[in-house]
file run_25.pdb (PDB, C-alpha atoms)
ATOM      1  CA  MET A   1      30.004  16.535   3.679
ATOM      2  CA  GLN A   2      29.446  15.231   7.187
ATOM      3  CA  GLU A   3      30.335  18.609   8.670
ATOM      4  CA  TRP A   4      27.802  20.287   6.370
ATOM      5  CA  LEU A   5      25.096  17.808   7.387
ATOM      6  CA  GLU A   6      25.874  18.246  11.077
ATOM      7  CA  THR A   7      25.630  22.010  10.624
ATOM      8  CA  TYR A   8      22.201  21.959   8.991
ATOM      9  CA  PHE A   9      20.818  18.883  10.795
ATOM     10  CA  PRO A  10      22.280  19.201  14.296
ATOM     11  CA  ASN A  11      19.381  17.610  16.155
ATOM     12  CA  VAL A  12      19.273  14.678  13.747
ATOM     13  CA  PHE A  13      22.948  13.867  14.253
ATOM     14  CA  ALA A  14      22.623  14.293  18.003
ATOM     15  CA  ASP A  15      20.487  11.144  18.048
ATOM     16  CA  LEU A  16      20.977   9.215  14.804
ATOM     17  CA  PRO A  17      19.826   5.846  16.243
ATOM     18  CA  ALA A  18      16.330   7.318  16.676
ATOM     19  CA  LEU A  19      16.214   8.226  12.981
ATOM     20  CA  TRP A  20      17.416   4.786  11.860
ATOM     21  CA  GLN A  21      14.922   3.075  14.151
ATOM     22  CA  ALA A  22      12.066   5.193  12.789
ATOM     23  CA  THR A  23      13.139   4.478   9.208
ATOM     24  CA  GLY A  24      13.307   0.769   9.945
ATOM     25  CA  GLU A  25       9.823   0.843  11.479
ATOM     26  CA  THR A  26       8.406   2.592   8.406
ATOM     27  CA  LEU A  27      10.014   0.042   6.081
ATOM     28  CA  TYR A  28       8.654  -2.763   8.271
ATOM     29  CA  LEU A  29       5.144  -1.326   7.998
ATOM     30  CA  LEU A  30       5.498  -0.968   4.229
ATOM     31  CA  VAL A  31       6.666  -4.556   3.774
ATOM     32  CA  VAL A  32       4.196  -6.291   6.099
ATOM     33  CA  ALA A  33       1.118  -4.165   5.367
ATOM     34  CA  GLY A  34       2.096  -3.994   1.686
ATOM     35  CA  ILE A  35       2.319  -7.764   1.245
ATOM     36  CA  ILE A  36      -0.971  -8.421   3.061
ATOM     37  CA  SER A  37      -2.735  -5.631   1.162
ATOM     38  CA  PHE A  38      -1.349  -6.906  -2.149
ATOM     39  CA  ILE A  39      -2.702 -10.407  -1.554
ATOM     40  CA  LEU A  40      -6.113  -9.210  -0.360
ATOM     41  CA  GLY A  41      -6.371  -6.502  -3.007
ATOM     42  CA  LEU A  42      -5.464  -8.929  -5.784
ATOM     43  CA  PHE A  43      -8.075 -11.371  -4.499
ATOM     44  CA  PHE A  44     -10.916  -8.865  -4.181
ATOM     45  CA  GLY A  45     -10.041  -7.034  -7.404
ATOM     46  CA  THR A  46     -10.057 -10.310  -9.302
ATOM     47  CA  LEU A  47     -13.272 -11.381  -7.586
ATOM     48  CA  LEU A  48     -14.968  -8.192  -8.754
ATOM     49  CA  THR A  49     -13.775  -8.768 -12.301
ATOM     50  CA  VAL A  50     -14.918 -12.370 -12.668
ATOM     51  CA  THR A  51     -18.241 -12.057 -10.804
ATOM     52  CA  GLN A  52     -19.594  -8.972 -12.565
ATOM     53  CA  LYS A  53     -22.532  -9.355 -14.939
ATOM     54  CA  THR A  54     -20.255  -9.877 -17.962
ATOM     55  CA  GLY A  55     -17.582 -11.812 -16.037
ATOM     56  CA  ILE A  56     -16.426 -15.364 -16.659
ATOM     57  CA  TYR A  57     -18.086 -16.505 -13.430
ATOM     58  CA  SER A  58     -20.989 -14.080 -13.252
ATOM     59  CA  LEU A  59     -22.422 -13.831  -9.753
ATOM     60  CA  PRO A  60     -24.063 -10.377  -9.426
ATOM     61  CA  PRO A  61     -25.174 -10.735  -5.752
ATOM     62  CA  LEU A  62     -21.591 -11.481  -4.627
ATOM     63  CA  TYR A  63     -20.283  -8.699  -6.851
ATOM     64  CA  GLN A  64     -22.682  -6.203  -5.282
ATOM     65  CA  VAL A  65     -21.714  -7.191  -1.734
ATOM     66  CA  VAL A  66     -17.949  -6.939  -2.395
ATOM     67  CA  ASP A  67     -18.377  -3.736  -4.392
ATOM     68  CA  LYS A  68     -20.333  -2.042  -1.596
ATOM     69  CA  LEU A  69     -17.885  -3.209   1.090
ATOM     70  CA  LEU A  70     -14.930  -1.801  -0.853
ATOM     71  CA  ASN A  71     -16.758   1.472  -1.378
ATOM     72  CA  LEU A  72     -17.467   1.618   2.347
ATOM     73  CA  GLY A  73     -13.811   0.965   3.151
ATOM     74  CA  ARG A  74     -12.668   3.733   0.816
ATOM     75  CA  SER A  75     -15.187   6.232   2.170
ATOM     76  CA  ILE A  76     -13.907   6.163   5.773
ATOM     77  CA  PRO A  77     -11.086   8.683   6.397
ATOM     78  CA  PHE A  78      -7.947   6.883   7.515
ATOM     79  CA  ILE A  79      -7.531   8.911  10.685
ATOM     80  CA  ILE A  80     -11.009   7.734  11.804
ATOM     81  CA  LEU A  81     -10.232   4.187  10.701
ATOM     82  CA  LEU A  82      -7.230   4.180  13.042
ATOM     83  CA  PHE A  83      -9.448   4.694  16.058
ATOM     84  CA  LEU A  84     -12.352   2.623  14.764
ATOM     85  CA  LEU A  85     -10.176  -0.483  14.426
ATOM     86  CA  LEU A  86      -8.470  -0.256  17.815
ATOM     87  CA  PRO A  87     -10.409  -3.234  19.257
ATOM     88  CA  LEU A  88      -9.743  -5.345  16.146
ATOM     89  CA  SER A  89      -6.038  -4.457  16.191
ATOM     90  CA  ARG A  90      -5.858  -5.466  19.834
ATOM     91  CA  LEU A  91      -7.626  -8.747  19.039
ATOM     92  CA  ILE A  92      -5.462  -9.680  16.037
ATOM     93  CA  MET A  93      -2.067  -8.234  16.943
ATOM     94  CA  GLY A  94      -2.319  -8.283  20.723
ATOM     95  CA  THR A  95      -1.837  -4.512  20.825
ATOM     96  CA  ALA A  96      -3.508  -1.435  19.415
ATOM     97  CA  ILE A  97      -0.506   0.858  19.696
ATOM     98  CA  GLY A  98       2.967   1.000  18.215
ATOM     99  CA  VAL A  99       4.147  -0.453  14.926
ATOM    100  CA  ASP A 100       2.311  -3.773  15.244
ATOM    101  CA  GLY A 101      -0.902  -2.007  16.195
ATOM    102  CA  ALA A 102      -0.782   0.025  12.964
ATOM    103  CA  ILE A 103      -0.691  -2.966  10.615
ATOM    104  CA  VAL A 104      -4.414  -3.777  10.794
ATOM    105  CA  PRO A 105      -5.693  -0.250  10.004
ATOM    106  CA  LEU A 106      -3.054   0.136   7.283
ATOM    107  CA  VAL A 107      -4.263  -3.071   5.634
ATOM    108  CA  PHE A 108      -7.909  -1.991   5.929
ATOM    109  CA  GLY A 109      -7.054   1.437   4.562
ATOM    110  CA  THR A 110      -5.011   0.137   1.635
ATOM    111  CA  THR A 111      -6.816  -3.005   0.470
ATOM    112  CA  PRO A 112      -9.958  -1.310  -0.961
ATOM    113  CA  PHE A 113      -7.799   1.168  -2.876
ATOM    114  CA  PHE A 114      -5.573  -1.567  -4.314
ATOM    115  CA  ALA A 115      -8.551  -3.790  -5.146
ATOM    116  CA  ARG A 116      -9.878  -1.004  -7.359
ATOM    117  CA  GLN A 117      -6.455  -0.698  -8.991
ATOM    118  CA  ILE A 118      -6.535  -4.415  -9.766
ATOM    119  CA  GLU A 119     -10.089  -4.186 -11.093
ATOM    120  CA  ALA A 120      -9.043  -1.399 -13.449
ATOM    121  CA  ALA A 121      -5.929  -3.311 -14.537
ATOM    122  CA  LEU A 122      -7.854  -6.491 -15.354
ATOM    123  CA  ALA A 123     -10.503  -4.510 -17.216
ATOM    124  CA  GLY A 124      -7.842  -3.788 -19.838
ATOM    125  CA  VAL A 125      -7.636  -7.450 -20.881
ATOM    126  CA  GLY A 126      -9.297  -7.848 -24.258
ATOM    127  CA  ARG A 127     -12.559  -9.768 -24.416
ATOM    128  CA  GLY A 128     -11.182 -11.673 -27.380
ATOM    129  CA  LEU A 129      -8.413 -13.185 -25.266
ATOM    130  CA  ILE A 130     -10.954 -14.345 -22.691
ATOM    131  CA  GLU A 131     -13.157 -15.928 -25.347
ATOM    132  CA  ALA A 132     -10.145 -17.614 -26.960
ATOM    133  CA  ALA A 133      -9.139 -19.087 -23.585
ATOM    134  CA  GLN A 134     -12.670 -20.361 -23.023
ATOM    135  CA  SER A 135     -12.799 -21.881 -26.493
ATOM    136  CA  ILE A 136      -9.758 -24.068 -25.810
ATOM    137  CA  GLY A 137     -11.247 -25.351 -22.564
ATOM    138  CA  MET A 138      -9.507 -23.308 -19.869
ATOM    139  CA  ASN A 139     -11.332 -23.284 -16.555
ATOM    140  CA  THR A 140     -11.963 -20.180 -14.452
ATOM    141  CA  PHE A 141      -8.767 -20.415 -12.430
ATOM    142  CA  GLU A 142      -6.621 -20.975 -15.521
ATOM    143  CA  ILE A 143      -8.148 -17.943 -17.213
ATOM    144  CA  ILE A 144      -7.511 -15.818 -14.123
ATOM    145  CA  TYR A 145      -3.874 -16.869 -13.849
ATOM    146  CA  ARG A 146      -2.836 -17.360 -17.480
ATOM    147  CA  VAL A 147      -4.884 -14.592 -19.077
ATOM    148  CA  TYR A 148      -6.052 -11.947 -16.633
ATOM    149  CA  TRP A 149      -2.980 -11.794 -14.402
ATOM    150  CA  ARG A 150      -0.302 -12.513 -17.004
ATOM    151  CA  GLU A 151      -1.710 -10.030 -19.494
ATOM    152  CA  SER A 152      -2.028  -7.343 -16.820
ATOM    153  CA  ILE A 153       1.414  -7.530 -15.201
ATOM    154  CA  ALA A 154       2.415  -4.043 -16.374
ATOM    155  CA  SER A 155      -0.855  -2.495 -15.197
ATOM    156  CA  ILE A 156      -0.680  -4.375 -11.899
ATOM    157  CA  ALA A 157       2.879  -3.082 -11.417
ATOM    158  CA  ARG A 158       1.672   0.484 -11.933
ATOM    159  CA  GLY A 159      -1.232  -0.042  -9.546
ATOM    160  CA  THR A 160       1.089  -1.565  -6.958
ATOM    161  CA  THR A 161       3.427   1.411  -7.245
ATOM    162  CA  ILE A 162       0.601   3.893  -6.703
ATOM    163  CA  THR A 163      -0.685   1.862  -3.761
ATOM    164  CA  LEU A 164       2.710   1.623  -2.058
ATOM    165  CA  ILE A 165       3.207   5.367  -2.384
ATOM    166  CA  ASN A 166      -0.219   5.855  -0.817
ATOM    167  CA  LEU A 167       0.810   3.410   1.925
ATOM    168  CA  VAL A 168       3.887   5.520   2.687
ATOM    169  CA  SER A 169       1.579   8.471   3.280
ATOM    170  CA  LEU A 170      -0.784   6.443   5.462
ATOM    171  CA  SER A 171       2.078   5.020   7.532
ATOM    172  CA  ALA A 172       3.354   8.538   8.212
ATOM    173  CA  MET A 173      -0.160   9.601   9.259
ATOM    174  CA  ALA A 174      -0.441   6.576  11.543
ATOM    175  CA  GLY A 175       2.932   7.431  13.060
ATOM    176  CA  ALA A 176       1.671  10.865  14.019
ATOM    177  CA  VAL A 177      -0.841   9.237  16.376
ATOM    178  CA  GLY A 178       1.627   6.883  18.032
ATOM    179  CA  ALA A 179       2.127   4.070  15.532
ATOM    180  CA  GLY A 180       5.884   4.530  15.285
ATOM    181  CA  GLY A 181       7.896   5.085  12.139
ATOM    182  CA  LEU A 182       8.959   8.330  10.518
ATOM    183  CA  GLY A 183       5.611  10.013  11.140
ATOM    184  CA  ASN A 184       5.985   9.468  14.873
ATOM    185  CA  TYR A 185       9.628  10.544  14.736
ATOM    186  CA  ALA A 186       8.768  13.811  12.954
ATOM    187  CA  TYR A 187       5.930  14.549  15.366
ATOM    188  CA  ILE A 188       7.598  13.659  18.673
ATOM    189  CA  TYR A 189      11.174  14.705  17.980
ATOM    190  CA  GLY A 190      10.485  17.445  15.470
ATOM    191  CA  GLN A 191       7.140  19.209  15.771
ATOM    192  CA  GLN A 192       6.688  18.923  19.547
ATOM    193  CA  ARG A 193      10.236  20.093  20.217
ATOM    194  CA  ASN A 194      10.244  22.700  17.437
ATOM    195  CA  ARG A 195      13.206  21.085  15.643
ATOM    196  CA  MET A 196      12.664  21.780  11.965
ATOM    197  CA  ASP A 197      15.826  19.971  10.862
ATOM    198  CA  ILE A 198      14.272  16.699  12.089
ATOM    199  CA  ILE A 199      11.098  17.361  10.100
ATOM    200  CA  TRP A 200      13.122  18.132   6.978
ATOM    201  CA  ALA A 201      15.223  14.998   7.443
ATOM    202  CA  THR A 202      12.011  12.960   7.669
ATOM    203  CA  VAL A 203      10.689  14.551   4.485
ATOM    204  CA  ILE A 204      13.926  13.789   2.632
ATOM    205  CA  ILE A 205      13.913  10.126   3.671
ATOM    206  CA  LEU A 206      10.241   9.722   2.704
ATOM    207  CA  VAL A 207      10.949  11.295  -0.690
ATOM    208  CA  VAL A 208      13.844   8.864  -1.181
ATOM    209  CA  ILE A 209      11.613   5.889  -0.294
ATOM    210  CA  VAL A 210       8.871   7.060  -2.675
ATOM    211  CA  THR A 211      11.417   7.666  -5.443
ATOM    212  CA  ILE A 212      12.839   4.148  -5.081
ATOM    213  CA  ILE A 213       9.320   2.692  -5.220
ATOM    214  CA  GLN A 214       8.559   4.714  -8.354
ATOM    215  CA  ILE A 215      11.759   3.594 -10.082
ATOM    216  CA  ILE A 216      11.182  -0.090  -9.285
ATOM    217  CA  GLY A 217       7.546   0.158 -10.369
ATOM    218  CA  TYR A 218       8.468   1.924 -13.600
ATOM    219  CA  LEU A 219      11.091  -0.690 -14.472
ATOM    220  CA  ALA A 220       8.714  -3.566 -13.677
ATOM    221  CA  ALA A 221       5.958  -2.028 -15.796
ATOM    222  CA  LYS A 222       8.318  -1.229 -18.665
ATOM    223  CA  ARG A 223       9.796  -4.719 -18.666
ATOM    224  CA  ASN A 224       6.361  -6.324 -18.949
ATOM    225  CA  THR A 225       4.844  -3.888 -21.437
ATOM    226  CA  LYS A 226       4.170  -5.592 -24.744
TER
END
call {"tool": "encode", "arguments": {"input": "run_25.pdb", "output": "structure tokens"}}
result
Amino acid sequence: MQEWLETYFPNVFADLPALWQATGETLYLLVVAGIISFILGLFFGTLLTVTQKTGIYSLPPLYQVVDKLLNLGRSIPFIILLFLLLPLSRLIMGTAIGVDGAIVPLVFGTTPFFARQIEAALAGVGRGLIEAAQSIGMNTFEIIYRVYWRESIASIARGTTITLINLVSLSAMAGAVGAGGLGNYAYIYGQQRNRMDIIWATVIILVVIVTIIQIIGYLAAKRNTK
């Protein structure tokens, strides 16, 4: 097996540490940017749900502001966002290049998308459940946690899966402009040096990562489907 791999992926095996480092950087970006985006997306998606005109804490002006900001964030192409946020990345992370420099634009590029996923997931909670919770005296935070979030675990799992897969794509795009990870590895070691085996190896690893995310997301959603 190893001989076969070395035959078809000679340039990959000539410098395996570079591949492992790039894979580790991509996983680091997914974990850090994914966790931050999940927290922010859950917050803003929930905020949209509860502050809309028919929400449990109706506040239309706040809803309109958050809604428009999320729409603005989703409308900016990620490749432009990378350059637009260079000063902010430098301010927050201390650098605008490399793996750490990519975290800020990845969060900004992912959070609006995930917030909409959360909004859609929470919209599936029946109005009757909300009214029943209100009738027994639950406050806003209890309804959010015990009704909205608990009843939407399966939908949130699906939304998280879709978002993480999108984040894999964004991290690869960021890598192509110097942010490290598999995108940078494929561009520097593969495309610029005309080594197709490196590009194919990158594709295979990304497919494996996406497949694992899909499997975990499917199992989480299935386990919490009522």
call {"tool": "closest_residue", "arguments": {"input": "run_25.pdb", "among": "A:Phe9, A:Tyr218, A:Phe78, A:Tyr148", "to": "Gly109 of chain A", "atoms": "all atoms listed in the file"}}
result
A:Phe78
call {"tool": "closest_residue", "arguments": {"input": "run_25.pdb", "among": "A:Ile165, A:Ile39, A:Met93, A:Leu170", "to": "Val208 of chain A", "atoms": "only C-alpha atoms"}}
result
A:Ile165
call {"tool": "closest_residue", "arguments": {"input": "run_25.pdb", "among": "A:Ala172, A:Ala22, A:Leu47, A:Leu164", "to": "Leu59 of chain A", "atoms": "all atoms listed in the file"}}
result
A:Leu47
call {"tool": "closest_residue", "arguments": {"input": "run_25.pdb", "among": "A:Phe38, A:Ser89, A:Ser169, A:Ala179", "to": "Ile118 of chain A", "atoms": "all atoms listed in the file"}}
result
A:Phe38
call {"tool": "residues_near_point", "arguments": {"input": "run_25.pdb", "point": "(0.6, -3.9, -18.3)", "cutoff": "12 Å", "atoms": "only C-alpha atoms", "output": "PyMOL selection string"}}
result
chain A and resi 118+120-125+148-160+217-226
call {"tool": "atom_distance", "arguments": {"input": "run_25.pdb", "atom1": "atom CA of Ala33 of chain A", "atom2": "atom CA of Leu62 of chain A"}}
result
25.9 Å
call {"tool": "atom_distance", "arguments": {"input": "run_25.pdb", "atom1": "atom CA of Leu48 of chain A", "atom2": "atom CA of Gly128 of chain A"}}
result
19.3 Å
call {"tool": "closest_residue", "arguments": {"input": "run_25.pdb", "among": "A:Ile103, A:Leu42, A:Leu70, A:Leu5", "to": "Ala174 of chain A", "atoms": "only C-alpha atoms"}}
result
A:Ile103
